[in-house]
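The data block below is work_4.cif; it holds mmCIF, C-alpha atoms.
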```
data_entry
loop_
_atom_site.label_atom_id
_atom_site.label_comp_id
_atom_site.auth_asym_id
_atom_site.auth_seq_id
_atom_site.Cartn_x
_atom_site.Cartn_y
_atom_site.Cartn_z
CA MET A 1 1.24 -14.89 18.45
CA SER A 2 4.56 -13.08 18.63
CA GLY A 3 5.22 -9.72 20.30
CA ARG A 4 5.57 -8.15 16.88
CA ARG A 5 2.08 -9.27 16.00
CA ALA A 6 0.75 -7.97 19.33
CA ALA A 7 2.16 -4.55 18.49
CA GLY A 8 0.72 -4.59 14.99
CA LEU A 9 -2.51 -6.39 14.23
CA ARG A 10 -3.61 -6.84 17.85
CA ALA A 11 -3.05 -3.18 18.76
CA TRP A 12 -5.04 -2.17 15.70
CA VAL A 13 -7.94 -4.50 16.55
CA VAL A 14 -7.93 -3.31 20.19
CA GLN A 15 -8.04 0.29 18.98
CA ARG A 16 -11.08 -0.40 16.74
CA LEU A 17 -13.00 -2.47 19.30
CA SER A 18 -12.36 -0.05 22.17
CA ALA A 19 -13.45 2.81 19.90
CA ILE A 20 -16.81 1.10 19.30
CA TYR A 21 -17.40 0.57 23.03
CA LEU A 22 -16.29 4.11 23.88
CA GLY A 23 -18.59 5.53 21.22
CA LEU A 24 -21.62 3.61 22.42
CA PHE A 25 -20.94 4.21 26.11
CA PHE A 26 -20.40 7.95 25.59
CA VAL A 27 -23.81 8.19 23.94
CA TYR A 28 -25.38 6.35 26.90
CA LEU A 29 -23.46 8.47 29.43
CA ILE A 30 -24.44 11.75 27.80
CA GLY A 31 -28.06 10.49 27.62
CA CYS A 32 -28.01 9.72 31.36
CA PHE A 33 -26.68 13.15 32.27
CA VAL A 34 -29.05 15.00 29.96
CA PHE A 35 -32.28 13.15 30.81
CA ALA A 36 -31.72 11.90 34.37
CA PRO A 37 -28.85 13.75 36.03
CA PRO A 38 -28.16 12.50 39.58
CA ALA A 39 -29.72 14.94 42.05
CA SER A 40 -27.35 14.38 44.98
CA HIS A 41 -24.02 12.82 45.88
CA GLU A 42 -25.88 9.82 47.28
CA ALA A 43 -27.88 9.35 44.03
CA TRP A 44 -24.64 9.66 42.06
CA ARG A 45 -22.95 7.05 44.31
CA SER A 46 -25.81 4.55 44.13
CA TRP A 47 -25.92 4.97 40.33
CA VAL A 48 -22.22 4.01 40.16
CA ALA A 49 -22.80 1.14 42.62
CA HIS A 50 -25.49 -0.49 40.46
CA PRO A 51 -23.97 -3.81 39.33
CA TYR A 52 -24.55 -3.24 35.60
CA ILE A 53 -23.32 0.35 35.77
CA SER A 54 -20.16 -0.52 37.71
CA MET A 55 -19.36 -3.29 35.26
CA ALA A 56 -20.01 -0.99 32.28
CA LEU A 57 -17.88 1.72 33.91
CA LEU A 58 -14.98 -0.67 34.53
CA LEU A 59 -15.17 -1.82 30.90
CA PHE A 60 -15.27 1.85 29.91
CA PHE A 61 -12.11 2.62 31.89
CA LEU A 62 -10.35 -0.39 30.42
CA SER A 63 -11.34 0.57 26.86
CA LEU A 64 -10.29 4.16 27.46
CA LEU A 65 -6.88 3.11 28.79
CA LEU A 66 -6.22 0.64 25.97
CA HIS A 67 -7.40 3.13 23.36
CA ALA A 68 -5.24 5.90 24.84
CA TRP A 69 -2.24 3.56 25.03
CA VAL A 70 -2.43 2.54 21.37
CA GLY A 71 -3.01 6.14 20.26
CA VAL A 72 -0.21 7.71 22.31
CA ARG A 73 2.16 4.89 21.36
CA ASN A 74 1.41 5.56 17.67
CA VAL A 75 2.19 9.25 18.10
CA LEU A 76 5.44 8.49 19.95
CA ILE A 77 6.54 5.98 17.29
CA ASP A 78 5.90 8.59 14.60
CA TYR A 79 7.47 11.63 16.21
CA VAL A 80 9.97 10.58 18.91
CA LYS A 81 13.04 9.06 17.27
CA PRO A 82 15.69 8.75 20.04
CA PHE A 83 15.25 5.30 21.54
CA GLY A 84 15.94 6.33 25.18
CA LEU A 85 13.53 9.28 25.10
CA ARG A 86 10.84 7.16 23.45
CA LEU A 87 11.23 4.43 26.07
CA VAL A 88 10.98 6.95 28.92
CA LEU A 89 7.90 8.61 27.40
CA LEU A 90 6.25 5.23 26.78
CA ALA A 91 6.97 4.17 30.36
CA LEU A 92 5.59 7.45 31.75
CA THR A 93 2.47 7.16 29.58
CA GLY A 94 1.97 3.56 30.71
CA LEU A 95 2.37 4.42 34.39
CA ALA A 96 0.05 7.44 34.12
CA LEU A 97 -2.60 5.33 32.39
CA ILE A 98 -2.31 2.54 34.97
CA ALA A 99 -2.63 5.15 37.75
CA CYS A 100 -5.78 6.54 36.11
CA GLY A 101 -7.19 3.03 35.82
CA ALA A 102 -6.39 2.24 39.46
CA TRP A 103 -8.11 5.46 40.52
CA GLY A 104 -11.21 4.61 38.48
CA LEU A 105 -11.27 1.11 39.98
CA GLN A 106 -10.97 2.60 43.47
CA VAL A 107 -13.89 4.97 42.82
CA VAL A 108 -16.13 2.10 41.71
CA ILE A 109 -15.13 -0.13 44.63
CA LEU A 110 -15.65 2.65 47.18
CA ALA A 111 -19.06 3.43 45.69
CA ARG A 112 -20.06 -0.22 46.01
CA ILE A 113 -18.91 -0.81 49.59
CA ALA A 114 -20.24 2.51 50.94
CA MET B 1 2.26 33.25 -16.21
CA GLN B 2 4.30 33.49 -12.99
CA PHE B 3 6.31 30.56 -11.61
CA LYS B 4 8.29 30.06 -8.44
CA ILE B 5 10.60 27.12 -8.77
CA TYR B 6 12.70 25.38 -6.13
CA ARG B 7 16.37 25.54 -6.98
CA TYR B 8 19.19 23.71 -5.28
CA ASN B 9 22.52 22.60 -6.65
CA PRO B 10 24.55 21.16 -3.77
CA GLU B 11 27.78 21.90 -5.63
CA PHE B 12 27.19 25.66 -5.59
CA ASP B 13 24.29 26.52 -3.29
CA GLU B 14 24.54 26.53 0.47
CA LYS B 15 20.77 26.46 0.81
CA PRO B 16 17.83 25.83 -1.50
CA TYR B 17 16.01 28.94 -2.78
CA MET B 18 12.93 29.76 -4.87
CA GLN B 19 13.59 31.29 -8.30
CA ASP B 20 10.98 33.43 -10.06
CA PHE B 21 10.22 32.72 -13.70
CA GLU B 22 7.78 34.24 -16.15
CA LEU B 23 6.38 32.62 -19.24
CA GLU B 24 4.62 34.82 -21.79
CA ASP B 25 3.26 32.44 -24.34
CA ILE B 26 0.84 30.00 -22.82
CA ARG B 27 -0.72 27.80 -25.45
CA PRO B 28 -4.21 26.40 -24.85
CA GLY B 29 -4.10 22.95 -23.26
CA MET B 30 -0.47 23.43 -22.22
CA MET B 31 0.77 21.16 -19.45
CA LEU B 32 3.24 22.08 -16.71
CA ARG B 33 5.95 19.87 -18.24
CA GLU B 34 5.86 21.89 -21.46
CA ALA B 35 6.09 25.10 -19.44
CA LEU B 36 9.11 23.75 -17.55
CA LEU B 37 10.77 22.89 -20.88
CA GLU B 38 10.17 26.50 -22.02
CA LEU B 39 11.57 27.82 -18.73
CA LYS B 40 14.63 25.62 -19.19
CA LYS B 41 15.32 27.58 -22.39
CA GLN B 42 15.41 30.74 -20.23
CA ASP B 43 17.73 29.15 -17.65
CA GLU B 44 19.47 26.04 -18.85
CA THR B 45 20.63 25.09 -15.36
CA LEU B 46 17.06 24.18 -14.31
CA ALA B 47 17.00 20.40 -13.79
CA PHE B 48 14.02 18.04 -13.72
CA ARG B 49 13.24 14.50 -14.83
CA HIS B 50 10.75 13.84 -17.60
CA SER B 51 10.27 11.38 -20.38
CA CYS B 52 7.05 10.18 -22.01
CA GLY B 53 5.04 13.35 -21.51
CA GLU B 54 1.72 11.57 -21.15
CA GLY B 55 1.53 10.21 -17.61
CA VAL B 56 2.81 6.74 -18.39
CA CYS B 57 6.46 6.68 -17.34
CA GLY B 58 6.07 8.43 -13.99
CA SER B 59 9.33 10.39 -14.26
CA ASP B 60 8.12 13.94 -13.70
CA GLY B 61 6.48 13.63 -10.31
CA MET B 62 6.84 16.86 -8.33
CA ASN B 63 5.09 19.04 -5.79
CA ILE B 64 2.87 21.51 -7.65
CA ASN B 65 1.25 24.26 -5.58
CA GLY B 66 1.57 21.99 -2.54
CA LEU B 67 0.19 18.83 -4.14
CA ASN B 68 2.20 15.97 -5.58
CA GLY B 69 1.43 15.23 -9.21
CA LEU B 70 2.86 14.54 -12.65
CA ALA B 71 3.87 17.72 -14.47
CA CYS B 72 3.03 16.21 -17.87
CA ILE B 73 -0.66 15.72 -17.09
CA THR B 74 -1.17 18.85 -14.96
CA PRO B 75 -2.82 21.53 -17.12
CA LEU B 76 -1.51 25.05 -16.52
CA ALA B 77 -5.06 26.37 -16.85
CA GLY B 78 -6.12 25.01 -13.46
CA LEU B 79 -3.12 26.31 -11.49
CA LYS B 80 -3.11 29.32 -9.19
CA GLU B 81 -0.36 31.88 -9.84
CA PRO B 82 2.46 32.06 -9.05
CA VAL B 83 2.76 28.33 -9.66
CA GLU B 84 5.02 26.96 -6.92
CA VAL B 85 6.96 23.95 -8.09
CA ARG B 86 9.04 21.97 -5.61
CA PRO B 87 10.60 18.51 -5.51
CA PHE B 88 8.72 15.71 -3.71
CA PRO B 89 8.65 16.44 0.03
CA GLY B 90 10.36 14.23 2.58
CA ILE B 91 13.05 12.61 0.44
CA PRO B 92 16.59 13.76 -0.41
CA VAL B 93 17.02 16.28 -3.24
CA ILE B 94 19.77 15.53 -5.74
CA ARG B 95 19.37 18.78 -7.66
CA ASP B 96 16.48 21.21 -8.24
CA LEU B 97 13.36 19.07 -8.84
CA ILE B 98 15.29 15.80 -9.04
CA VAL B 99 14.98 13.64 -5.93
CA ASP B 100 16.68 10.47 -4.77
CA MET B 101 14.07 7.71 -5.22
CA GLU B 102 16.34 4.91 -3.96
CA GLY B 103 14.56 4.55 -0.60
CA PHE B 104 11.22 4.35 -2.39
CA TYR B 105 12.49 1.63 -4.75
CA GLN B 106 14.07 -0.21 -1.83
CA GLN B 107 10.69 -0.38 -0.09
CA TYR B 108 9.07 -1.53 -3.34
CA ARG B 109 11.67 -4.30 -3.68
CA SER B 110 11.20 -5.33 -0.05
CA VAL B 111 7.58 -6.45 -0.59
CA GLN B 112 8.56 -8.95 -3.31
CA PRO B 113 6.36 -7.46 -6.04
CA PHE B 114 6.19 -10.57 -8.22
CA LEU B 115 4.18 -13.80 -8.36
CA ILE B 116 5.42 -16.42 -5.93
CA ARG B 117 4.39 -20.02 -6.67
CA TYR B 118 5.32 -23.17 -4.81
CA ASP B 119 3.64 -25.64 -7.18
CA PRO B 120 5.85 -27.12 -9.88
CA GLU B 121 5.88 -25.05 -13.06
CA PRO B 122 2.88 -26.07 -15.17
CA GLU B 123 3.25 -27.20 -18.78
CA VAL B 124 0.82 -24.50 -19.87
CA GLU B 125 0.17 -20.92 -18.79
CA ASN B 126 -1.24 -20.13 -15.34
CA LEU B 127 -4.76 -19.32 -16.43
CA GLN B 128 -7.03 -16.97 -14.55
CA SER B 129 -10.80 -16.56 -14.80
CA PRO B 130 -12.04 -13.15 -16.00
CA GLU B 131 -13.48 -12.56 -12.50
CA ASP B 132 -10.11 -13.24 -10.86
CA ARG B 133 -8.45 -10.96 -13.38
CA ASP B 134 -10.94 -8.19 -12.54
CA ARG B 135 -9.69 -8.15 -8.95
CA LEU B 136 -6.39 -6.72 -10.21
CA ASP B 137 -8.03 -3.64 -11.71
CA GLY B 138 -7.08 -0.50 -9.83
CA LEU B 139 -3.88 -2.22 -8.63
CA TYR B 140 -1.75 -3.13 -11.64
CA GLU B 141 -1.98 0.37 -13.15
CA CYS B 142 0.54 1.84 -10.69
CA ILE B 143 3.48 3.46 -12.53
CA LEU B 144 5.68 3.92 -9.42
CA CYS B 145 5.92 7.67 -9.84
CA GLY B 146 6.15 8.08 -6.06
CA CYS B 147 3.47 10.80 -5.72
CA CYS B 148 1.59 8.81 -3.05
CA SER B 149 4.44 7.64 -0.83
CA THR B 150 6.09 11.07 -0.75
CA ALA B 151 2.74 12.64 0.22
CA CYS B 152 2.34 10.23 3.15
CA PRO B 153 3.30 11.55 6.62
CA SER B 154 3.88 7.99 7.87
CA PHE B 155 6.40 7.54 5.04
CA TRP B 156 8.04 10.89 5.86
CA TRP B 157 8.59 9.89 9.50
CA ASN B 158 9.72 6.30 8.86
CA PRO B 159 10.91 5.99 5.24
CA ASP B 160 13.33 3.21 6.20
CA LYS B 161 10.75 1.04 7.99
CA PHE B 162 7.28 1.84 6.60
CA PRO B 163 6.84 0.41 3.06
CA GLY B 164 4.63 3.33 2.03
CA PRO B 165 1.37 3.35 0.04
CA ALA B 166 2.90 2.46 -3.35
CA ALA B 167 4.60 -0.69 -2.01
CA LEU B 168 1.54 -1.68 0.04
CA LEU B 169 -0.72 -1.29 -3.01
CA GLN B 170 1.56 -3.78 -4.74
CA VAL B 171 1.37 -6.20 -1.81
CA TRP B 172 -2.40 -6.20 -2.20
CA ARG B 173 -2.00 -6.57 -5.99
CA PHE B 174 -0.24 -9.92 -5.36
CA LEU B 175 -2.40 -10.96 -2.40
CA ALA B 176 -5.45 -10.44 -4.62
CA ASP B 177 -3.91 -12.47 -7.45
CA SER B 178 -5.45 -15.93 -7.71
CA ARG B 179 -2.13 -17.31 -9.03
CA ASP B 180 0.00 -16.16 -6.10
CA GLN B 181 0.72 -18.75 -3.37
CA ALA B 182 2.64 -16.74 -0.77
CA MET B 183 -0.28 -15.20 1.14
CA GLU B 184 0.89 -16.31 4.60
CA LYS B 185 4.44 -15.20 3.97
CA ARG B 186 3.31 -11.82 2.66
CA LEU B 187 0.96 -11.26 5.59
CA ASP B 188 3.57 -12.27 8.18
CA ALA B 189 6.08 -9.85 6.70
CA LEU B 190 3.62 -6.96 7.15
CA ASP B 191 2.74 -7.42 10.81
CA GLY B 192 4.33 -5.39 13.59
CA PRO B 193 4.07 -1.68 14.35
CA TYR B 194 6.16 -0.38 11.43
CA LYS B 195 4.75 -2.13 8.38
CA LEU B 196 1.06 -2.24 7.55
CA PHE B 197 -0.02 -0.63 10.81
CA ARG B 198 1.98 2.58 10.43
CA CYS B 199 -0.76 3.63 8.00
CA HIS B 200 -3.23 5.86 9.86
CA THR B 201 -5.62 6.22 6.90
CA ILE B 202 -4.62 9.83 6.31
CA MET B 203 -5.48 9.19 2.63
CA ASN B 204 -3.06 11.70 1.07
CA CYS B 205 -2.04 8.80 -1.18
CA ALA B 206 -5.47 8.35 -2.73
CA TYR B 207 -5.89 12.14 -2.96
CA VAL B 208 -2.76 12.73 -5.03
CA CYS B 209 -2.48 9.55 -7.14
CA PRO B 210 -2.28 10.74 -10.77
CA LYS B 211 -3.69 7.40 -11.94
CA GLY B 212 -6.71 7.63 -9.64
CA LEU B 213 -5.72 4.54 -7.62
CA ASN B 214 -6.57 4.07 -3.96
CA PRO B 215 -3.73 2.65 -1.83
CA THR B 216 -5.69 3.33 1.39
CA LYS B 217 -8.40 0.95 0.23
CA ALA B 218 -5.79 -1.67 -0.64
CA ILE B 219 -4.24 -1.30 2.82
CA GLY B 220 -7.71 -1.70 4.36
CA ASN B 221 -8.16 -4.90 2.36
CA ILE B 222 -4.83 -6.25 3.62
CA LYS B 223 -5.79 -5.44 7.22
CA ALA B 224 -9.11 -7.26 6.80
CA LEU B 225 -7.37 -10.27 5.25
CA MET B 226 -4.80 -10.35 8.06
CA LEU B 227 -7.57 -10.23 10.65
CA LYS B 228 -9.39 -13.05 8.87
CA HIS B 229 -6.24 -15.17 9.00
CA SER B 230 -5.66 -14.48 12.70
CA VAL B 231 -8.98 -15.24 14.35
#
```
Could you take the file, read its structure, and then write that structure out as structure tokens?
Amino acid sequence: MSGRRAAGLRAWVVQRLSAIYLGLFFVYLIGCFVFAPPASHEAWRSWVAHPYISMALLLFFLSLLLHAWVGVRNVLIDYVKPFGLRLVLLALTGLALIACGAWGLQVVILARIA
Amino acid sequence: MQFKIYRYNPEFDEKPYMQDFELEDIRPGMMLREALLELKKQDETLAFRHSCGEGVCGSDGMNINGLNGLACITPLAGLKEPVEVRPFPGIPVIRDLIVDMEGFYQQYRSVQPFLIRYDPEPEVENLQSPEDRDRLDGLYECILCGCCSTACPSFWWNPDKFPGPAALLQVWRFLADSRDQAMEKRLDALDGPYKLFRCHTIMNCAYVCPKGLNPTKAIGNIKALMLKHSV
């Protein structure tokens, strides 16, 4: 699989699959907050620390980052023509997304070791 | 009936402008092309392409009240006044309503819109079952008028790299053809961020196609076929 293919078919498949997971998880998340909202910080923490929930949350962050990356990259390819500017914006987007992911990972780890 | 028509002659005009026209005698069932021919009698410098007058040749594609269509099969009766007529958006204007279609044809050429066979030429015709022939319905009818591609934002932003809906419909027309043998080659040529996957299913193409074809559906079929050949 060449890089060209990764940027075409694979990006498209990742966008669809992550969308399905995001859609399902959002429904679950909204359900949780509507029907059983955590009463305290401790309840909130132990909810995140539950093995299934932490795994689902990490998958959620990953899907969100991949989905955002493909989407933003599509917008930049469409609207930002100068190569240098596009490269800088892509790099900034990538770094910002990785930072968000690292933060999410940190939150889950801290909740589990506390 | 009131008309506002885009005028631009690069030899004399610094900038394009909209010219007002009025046509008194509107016959029942009159199409926009006939009205333009009448208006051309009022001002002979008005330039537009047209030929068959019945939606077969695809010469008189233009932007009518904001929507791409063929003037010859657009009834005046359904149009809001003043009728704004402009050239296709997003591609270079040569003069008035005449646009430079070269980029569009270049993209069409680039997808190799013809049967490719590797087997030796048979002694008889390449026969096709009626079912296989049915798969080409809704694909072969394209007249290359350019209404779809010039209505597509992805084609506006990347006309040199994105083949556009008309060319992609033709790729599917040959991928769907039981006699064609270049499936892998055709699919490989479409991968990457600028070819098939620059389509974001905006669906302007299917909305404006004067022949009622659906390039978005064809593109979806190509994506599904590519996925099937990759996993």
Query - atom CA of Arg86 of chain B to atom CA of Ile64 of chain B, distance in Å rounded to a single decimal - result: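 These atoms are spaced 6.5 Å apart.
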Output as JSON lines one row per residue of chain B within 9 Å of chain A: the closest atom pair and its distance in Å to one decimal place, counting all atoms listed in the file, sorted by chain and residue number ascending.
```
{"residue": "B:Pro153", "atom": "CA", "partner": "A:Asp78", "partner_atom": "CA", "distance": 8.9}
{"residue": "B:Ser154", "atom": "CA", "partner": "A:Asp78", "partner_atom": "CA", "distance": 7.1}
{"residue": "B:Trp157", "atom": "CA", "partner": "A:Asp78", "partner_atom": "CA", "distance": 5.9}
{"residue": "B:Asn158", "atom": "CA", "partner": "A:Asp78", "partner_atom": "CA", "distance": 7.3}
{"residue": "B:Asp188", "atom": "CA", "partner": "A:Arg5", "partner_atom": "CA", "distance": 8.5}
{"residue": "B:Leu190", "atom": "CA", "partner": "A:Gly8", "partner_atom": "CA", "distance": 8.7}
{"residue": "B:Asp191", "atom": "CA", "partner": "A:Gly8", "partner_atom": "CA", "distance": 5.4}
{"residue": "B:Gly192", "atom": "CA", "partner": "A:Gly8", "partner_atom": "CA", "distance": 4.0}
{"residue": "B:Pro193", "atom": "CA", "partner": "A:Gly8", "partner_atom": "CA", "distance": 4.5}
{"residue": "B:Tyr194", "atom": "CA", "partner": "A:Gly8", "partner_atom": "CA", "distance": 7.7}
{"residue": "B:Lys195", "atom": "CA", "partner": "A:Gly8", "partner_atom": "CA", "distance": 8.1}
{"residue": "B:Leu196", "atom": "CA", "partner": "A:Gly8", "partner_atom": "CA", "distance": 7.8}
{"residue": "B:Phe197", "atom": "CA", "partner": "A:Gly8", "partner_atom": "CA", "distance": 5.8}
{"residue": "B:Arg198", "atom": "CA", "partner": "A:Asn74", "partner_atom": "CA", "distance": 7.9}
{"residue": "B:Lys223", "atom": "CA", "partner": "A:Leu9", "partner_atom": "CA", "distance": 7.8}
{"residue": "B:Met226", "atom": "CA", "partner": "A:Leu9", "partner_atom": "CA", "distance": 7.7}
{"residue": "B:Leu227", "atom": "CA", "partner": "A:Leu9", "partner_atom": "CA", "distance": 7.3}
{"residue": "B:Ser230", "atom": "CA", "partner": "A:Leu9", "partner_atom": "CA", "distance": 8.8}
```
Would you write out those residues with C-alpha atoms, as a PDB file, keeping the file's coordinate frame?
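Result file out04.pdb:
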```pdb
ATOM      1  CA  PRO B 153       3.300  11.550   6.620  1.00  0.00           C
ATOM      2  CA  SER B 154       3.880   7.990   7.870  1.00  0.00           C
ATOM      3  CA  TRP B 157       8.590   9.890   9.500  1.00  0.00           C
ATOM      4  CA  ASN B 158       9.720   6.300   8.860  1.00  0.00           C
ATOM      5  CA  ASP B 188       3.570 -12.270   8.180  1.00  0.00           C
ATOM      6  CA  LEU B 190       3.620  -6.960   7.150  1.00  0.00           C
ATOM      7  CA  ASP B 191       2.740  -7.420  10.810  1.00  0.00           C
ATOM      8  CA  GLY B 192       4.330  -5.390  13.590  1.00  0.00           C
ATOM      9  CA  PRO B 193       4.070  -1.680  14.350  1.00  0.00           C
ATOM     10  CA  TYR B 194       6.160  -0.380  11.430  1.00  0.00           C
ATOM     11  CA  LYS B 195       4.750  -2.130   8.380  1.00  0.00           C
ATOM     12  CA  LEU B 196       1.060  -2.240   7.550  1.00  0.00           C
ATOM     13  CA  PHE B 197      -0.020  -0.630  10.810  1.00  0.00           C
ATOM     14  CA  ARG B 198       1.980   2.580  10.430  1.00  0.00           C
ATOM     15  CA  LYS B 223      -5.790  -5.440   7.220  1.00  0.00           C
ATOM     16  CA  MET B 226      -4.800 -10.350   8.060  1.00  0.00           C
ATOM     17  CA  LEU B 227      -7.570 -10.230  10.650  1.00  0.00           C
ATOM     18  CA  SER B 230      -5.660 -14.480  12.700  1.00  0.00           C
TER      19      SER B 230
END
```
Query raised in the report: Written as an MDAnalysis selection string, what is the full residue list that the PyMOL selection byres ((chain A and resi 44) around 12) yields on the file shown?
Result: chainID A and resid 32:33 36:43 45:50 53:54 107:108 111:112
Query - Residues near Leu97 of chain A, cut-off 9 Å, only C-alpha atoms, skip fewer than 4 positions along chain, as a ChimeraX atom specification - result: /A:65-66,68-69,92-93,101-102
Requested in this report: Apply the PyMOL selection byres ((chain B and resi 139-149) around 8) to the file shown and report the selected residues as a ChimeraX atom specification.
Outcome: /B:56-62,68-70,88,101,104,136-138,150-152,155,164-166,169-170,172-173,204-206,208-211,213
Explicit residue set for the PyMOL selection byres ((chain B and resi 176-179) around 7), as a JSON list (two decimals) with C-alpha atoms, in the coordinates of the input:
```json
[["chain", "number", "residue", "atom", "x", "y", "z"],
["B", 126, "ASN", "CA", -1.24, -20.13, -15.34],
["B", 132, "ASP", "CA", -10.11, -13.24, -10.86],
["B", 135, "ARG", "CA", -9.69, -8.15, -8.95],
["B", 136, "LEU", "CA", -6.39, -6.72, -10.21],
["B", 172, "TRP", "CA", -2.40, -6.20, -2.20],
["B", 173, "ARG", "CA", -2.00, -6.57, -5.99],
["B", 174, "PHE", "CA", -0.24, -9.92, -5.36],
["B", 175, "LEU", "CA", -2.40, -10.96, -2.40],
["B", 180, "ASP", "CA", 0.00, -16.16, -6.10],
["B", 181, "GLN", "CA", 0.72, -18.75, -3.37]]
```
Requested in this report: Work out how far atom CA of Met31 of chain B is from atom CA of Cys72 of chain B, in Å to one decimal.
Outcome: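 Those two atoms sit 5.7 Å apart.
The nearest approach to Phe114 of chain B among the residues B:Val171, B:Met183, B:Met30, B:Ala189, with all atoms listed in the file taken into account, belongs to B:Val171.
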Query raised in the report: Which is closest to Ser18 of chain A among A:Leu57, A:Leu64, A:Leu95, A:Ala114, if we use all atoms listed in the file?
Result: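 Closest to Ser18 of chain A of all the choices is A:Leu64.
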**Report entry** Nearest candidate to Gln106 of chain A (options A:Val27, A:Val14, A:Val34, A:Leu58; using all atoms listed in the file)
**Finding:**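 Looking at the shortest contact to Gln106 of chain A, the residue is A:Leu58.
Taking atom CA of Pro92 of chain B as the reference point, atom CA of Tyr105 of chain B is found at 13.5 Å.
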Query raised in the report: Which residue, B:Gly212, B:Tyr118, B:Gln107, B:Ile202, has the smallest gap to Pro163 of chain B when you use all atoms listed in the file?
Result: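 Nearest candidate to Pro163 of chain B out of B:Gly212, B:Tyr118, B:Gln107, B:Ile202: B:Gln107.
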Requested in this report: Would you list the contacts of Ser63 of chain A as a count of residues only, taking every protein, DNA or RNA residue within 8 Å and counting only C-alpha atoms, but skipping same-chain residues closer than 2 positions in sequence?
Outcome: 10
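Using all atoms listed in the file, the contacts of Glu38 of chain B at a cut-off of 8 Å, with sequence neighbours closer than 4 positions omitted, comprise Leu23, Glu34 and Gln42 of chain B.
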